[in-house]
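Engineer: Let me begin by handing over the structure; questions about it come next.
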Amino acid sequence: MDNSRPKKTCCVSVRDFFTSAKFLIYMGHALSTWGDRMWNFAVAVFLVELYGNSLLLTAVYGLVVAGSVLLLGAIIGDWVDKNPRLKVAQTSLLVQNSCVIVCGILLMVVFQFKEQLVELYNGWILTTCYILVISVANIANLASTATAITIQRDWVVVVAGQDSSTLADMNATVRIIDQLTNILAPMLVGQIMAFGSPFIGCGFIAGWNLCSMCVEYALLWTVYQKTPALSMKSGQKEQQQELKQLSPPKELENGQSPEESSQPLMIEASMVKPGAPKQRSCCYQVSEPLRTLRAGWVAYYNQNIFFAGMSLSFLYMTVLGFDCITTGYAYTQGLNGSVLSLLMGASAVAGICGTVAFTWVRKKCGLIRTGFISGTAQLSCLILCVVSVFAPGSPLDLSVSPFQDIYSHLMGETVLPEAEHSLTSLLTAVNATTAAPAEELPPLQSYMSVSLLFAGVIAARIGLWSFDLTVTQLIQENVMESERGVINGVQNSMNYLLDLLHFIMVILAPNPEAFGLLVIISVSFVAMGHVMYFGFAFKSLGSRLFLCCSPEQKVEEVESPSLPTTV
């Protein structure tokens with residue numbers, strides 16, 4: 001009997017965990033990010049395949065997505081703040097998955113009947129299909145942004161309660177899920193497209209999103225039912241407090257109970273309120289989004305974590321990541337798709353190590369110090385990238401103008417073989433596992449430069465993801481509940497702005513000989529970001545920033561363990 005009790009207790013605890021709100025949030029997030037990663041990978045390949053192996057549609061899609069989030073991020077966040085949590089989560093979920101399903105069906109039609117569509121109305125029907133795909137896909141991305149804000153920046157905070165350690169563990173788990181899906185999901189859809197066809201890939205993604213939408217909807221409803229705090233927002237809490245204060249006088253006047261008198265009193269009070277707004281004009285209503293946008297950026301600027309958020313945004317102004325830019329450059333340096341896939345796997349492992357290190361360092365040194373330590377670690381690793389610019393095998397050649405390719409196109413000259421090869425390599429790197437290279441690359445004299453580059457990039461992921469989690473939790477803990485949506489929306493806009501600038505930087509200097517300059521500029525922006533965070537940390541902790549602290553002393557720091565929930 002005595003031995004059976006621990007087993008029963010263990011089984012009950014395991015069952016409670018798998019039915020808890022935390023686990024259900026993890027499950028819903030895993031399904032959501034899996035679908036997002038598959039779609040984000042596949043849509044770029046689909047657009048390249050449709051437009052005759054050209055990057056034009058992919059570039060237009062990327063520009064539209066970045067511009068939309070940049071302009072509408074604050075408005076999306078304000079919508080998240082002003083509406084009930086369940087309504088926001090369900091609406092964004094339905095819109096996102098429905099748009100992806102519609103895009104999948106449109107792409108299937110285009111792939112199946114492309115030859116016939118080209119002949120109809122001189123190709124205008126096909127062009128209309130391209131515009132529809134990009135537009136609907138952009139709406140799906142905006143809905144995905146709303147989902148990320150409401151679940152990762154709001155629901156997680158509420159489910160964690162007032163426990164800062166639980167919030168840190170949940171943030172780390174969510175980020176680990178992101179890392180795993182970022183590697184596994186593209187691999188799955190890539191294999192389906194390789195052994196099947198783009199038509200089958202579109203159908204699979206559409207079917208996945210249809211099934212995933214139903215399961216995620218049920219998970220959201222269950223989490224909402226298990227966490228009563230999600231049903232109340234700060235504005236609703238304030239209204240109830242005001243009603244409690246106003247109900248007793250009304251009860252004394254006519255002898256009614258508080259339940260009977262509270263609702264009429266609220267209506268009456270709203271009618272006699274001296275500052276009640278009048279009926280707005282049409283121009284006022286049209287300009288409402290612009291005022292919301294301005295108010296969101298002003299609120300973001302007035303936050304005490306403004307420089308911490310800006311420091312995170314500056315990390316997006318870099319070519320030192322595993323996007324199409326870096327992989328395209330690696331291909332020009334002689335690395336094939338197999339090696340690149342292994343490097344991406346190592347990068348994911350480093351990112352997971354960073355999330356685990358975040359939880360450990362935060363417990364030992366506190367949240368603000370964790371960001372300082374993570375930033376120092378990232379910058380130290382990026383020194384290898386700077387060294388790689390001048391190492392043997394580096395293609396850096398300052399005698400070659402970075403704008404040579406642009407001048408050649410503007411003047412109508414023949415594109416140099418190097419420039420043509422760089423574009424081909426970039427396109428091949430997007431789907432390196434499924435497509436064979438267009439031509440054999442010349443052997444390099446040394447791989448030392450590219451090896452140092454990727455060693456620094458991979459090692460820096462540990463500090464990068466730990467720093468990202470630090471800033472994320474600082475925003476969660478220091479932003480009022482009524483402003484979480486708009487502040488995180490503006491933060492996403494800042495991230496997209498710097499990301500957009502880094503693509504413009506590559507467009508201005510696209511040749512491999514200028515990639516070393518892009519590396520130095522990228523490291524400079526990362527350093528400026530961490531300098532801003534250092535200023536924020538020193539302002540918050542002063543000289544205590546450089547002192548190690550025990551868990552008991554961490555309570556005295558600025559990052560209070562209690563999370564703000566009211567205005």
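Chain labels run A, B, ... following the order of the structure tokens; each chain numbers its residues from 1, and ligands are numbered from 1 in the order shown.
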Which residues are near Pro289 (chain A)? Cut-off 12 Å, only C-alpha atoms, ignore same chain within fewer than 2 positions. Put them as a PyMOL selection string.

Structural biologist: chain A and resi 71-79+283-287+291-296

Engineer: May I have the residues within 9 Å of region 106-119 of chain A as number ranges by chain, using only C-alpha atoms and disregarding those fewer than 4 positions away in the same chain?

Structural biologist: A: 46, 50, 101-102, 123-127, 129-130, 132-133, 198-203

Engineer: Give me, please, the distance in Å between CA of Ala30 (chain A) and CA of Ile177 (chain A), quoted to one decimal.

Structural biologist: 6.1 Å

Engineer: Nearest residue to Tyr26 (chain A) out of A:Trp465, A:Phe372, A:Phe534, A:Trp155, using only C-alpha atoms?

Structural biologist: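 Among the listed residues, A:Trp155 lies closest to Tyr26 (chain A).
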
Engineer: List as a ChimeraX atom specification the protein and nucleic acid residues near region 313-321 of chain A, meaning an atom at most 8 Å away when only C-alpha atoms are counted, but skip any in the same chain fewer than 5 places from it.

Structural biologist: /A:326,457,491,494-496,498-499,501-502,518-519,521-523,525-526,528-529

Engineer: Keeping only N, CA and C atoms, write the selected residues as a compact mmCIF listing (two decimals), in the first residue's frame.

Structural biologist:
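Result written to again13.txt:
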```
# COMPACT_ATOMS: atom_id res chain seq x y z
N THR A 326 22.46 34.59 -46.27
CA THR A 326 23.66 33.90 -45.77
C THR A 326 23.84 32.55 -46.46
N VAL A 457 28.58 32.56 -36.35
CA VAL A 457 27.12 32.69 -36.45
C VAL A 457 26.42 31.67 -35.56
N GLN A 491 6.66 46.91 -31.32
CA GLN A 491 7.93 46.17 -31.29
C GLN A 491 8.10 45.33 -32.54
N MET A 494 9.07 47.64 -35.37
CA MET A 494 10.49 48.00 -35.32
C MET A 494 11.37 46.86 -35.82
N ASN A 495 11.03 45.63 -35.45
CA ASN A 495 11.80 44.48 -35.91
C ASN A 495 11.75 44.35 -37.43
N TYR A 496 10.55 44.53 -38.00
CA TYR A 496 10.40 44.43 -39.45
C TYR A 496 11.10 45.59 -40.16
N LEU A 498 13.91 47.17 -39.23
CA LEU A 498 15.35 46.89 -39.31
C LEU A 498 15.63 45.70 -40.22
N ASP A 499 14.72 44.73 -40.24
CA ASP A 499 14.88 43.60 -41.15
C ASP A 499 14.77 44.05 -42.60
N LEU A 501 15.54 47.04 -43.70
CA LEU A 501 16.76 47.78 -44.00
C LEU A 501 17.92 46.85 -44.33
N HIS A 502 17.96 45.70 -43.69
CA HIS A 502 19.06 44.78 -43.97
C HIS A 502 18.92 44.17 -45.38
N LEU A 518 29.27 43.87 -45.50
CA LEU A 518 27.96 43.65 -44.86
C LEU A 518 28.13 42.99 -43.49
N VAL A 519 29.10 42.11 -43.37
CA VAL A 519 29.37 41.47 -42.08
C VAL A 519 29.80 42.51 -41.04
N ILE A 521 29.22 45.75 -41.08
CA ILE A 521 28.08 46.62 -40.77
C ILE A 521 27.11 45.91 -39.83
N SER A 522 26.88 44.63 -40.08
CA SER A 522 25.95 43.86 -39.24
C SER A 522 26.45 43.79 -37.80
N VAL A 523 27.73 43.48 -37.62
CA VAL A 523 28.29 43.41 -36.27
C VAL A 523 28.22 44.78 -35.59
N PHE A 525 25.88 47.07 -36.03
CA PHE A 525 24.50 47.29 -35.57
C PHE A 525 24.20 46.44 -34.34
N VAL A 526 24.68 45.21 -34.31
CA VAL A 526 24.49 44.37 -33.12
C VAL A 526 25.16 45.01 -31.91
N MET A 528 25.76 48.23 -31.47
CA MET A 528 24.97 49.39 -31.06
C MET A 528 23.73 48.97 -30.27
N GLY A 529 23.11 47.88 -30.69
CA GLY A 529 21.95 47.39 -29.95
C GLY A 529 22.30 47.02 -28.52
```

Engineer: Just checking: using only C-alpha atoms, which residue out of A:Ser466, A:Gln333, A:Asn478, A:Ser388 ends up closest to Ser449 (chain A)?

Structural biologist: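 Using only C-alpha atoms, Ser449 (chain A) sits closest to A:Ser388.
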
Engineer: With distances taken over only C-alpha atoms, which of A:Met344, A:Leu219, A:Ala350, A:Cys103 is nearest to Arg461 (chain A)?

Structural biologist: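 That would be A:Ala350, the residue with the smallest distance to Arg461 (chain A).
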
Engineer: Go ahead and compute the interatomic distance for CA of Ser212 (chain A) and CA of Leu94 (chain A), in Å to one decimal.

Structural biologist: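 Straight-line distance from CA of Ser212 (chain A) to CA of Leu94 (chain A) works out to 10.5 Å.
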
Engineer: Here is a test: counting only C-alpha atoms, which residue of A:Gln162, A:Thr91, A:Thr222, A:Asn141 is nearest to Thr19 (chain A)?

Structural biologist: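 Looking at the shortest contact to Thr19 (chain A), the residue is A:Thr222.
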
Engineer: Could you give me, as a ChimeraX atom specification, the residues within 10 Å of Gln473 (chain A), counting only C-alpha atoms and dropping anything in the same chain fewer than 3 positions from it?

Structural biologist: /A:153,157,164,167-168,171,367-368,467-470,476-479,559

Engineer: Could you check which of A:Met480, A:Ala66, A:Val88, A:Ala299 is closest to Leu230 (chain A), using only C-alpha atoms?

Structural biologist: A:Val88

Engineer: Region 145-201 of chain A: which residues are alpha helix (DSSP H) by DSSP, as an NGL selection string?

Structural biologist: :A and (145-150 or 156-160 or 164-195 or 198-201)

Engineer: To one decimal place in Å, what is the distance between CA of Leu384 (chain A) and CA of Ala357 (chain A)?

Structural biologist: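 Between CA of Leu384 (chain A) and CA of Ala357 (chain A) the gap works out to 21.4 Å.
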
Engineer: Hey, which of A:Phe503, A:Ser13, A:Lys87, A:Arg484 ends up closest to Asp323 (chain A)? Count only C-alpha atoms.

Structural biologist: A:Phe503

Engineer: Mind checking which residues fall within 10 Å of Met170 (chain A), counting only C-alpha atoms, ignoring those fewer than 6 positions away in the same chain, and posting them as a list in words?

Structural biologist: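 After dropping sequence-adjacent residues, the list is Lys22, Phe23, Ile25, Tyr26, Gln152, Val156, Val157, Val159, Ala160, Ser164, Ile176 and Thr359 of chain A.
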
Engineer: Compile a residue-level contact table for region 437-487 of chain A against region 143-149 of chain A at a cut-off of 10 Å, reporting for every qualifying residue the shortest atom pair and its distance in Å to one decimal, with only C-alpha atoms counted, rows ordered by chain and ascending number, as a tab-separated table.

Structural biologist:
```
residue	atom	partner	partner_atom	distance
A:Arg484	CA	A:Ile149	CA	8.2
A:Gly485	CA	A:Ile149	CA	6.2
A:Val486	CA	A:Ile149	CA	9.0
A:Ile487	CA	A:Ile149	CA	9.6
```
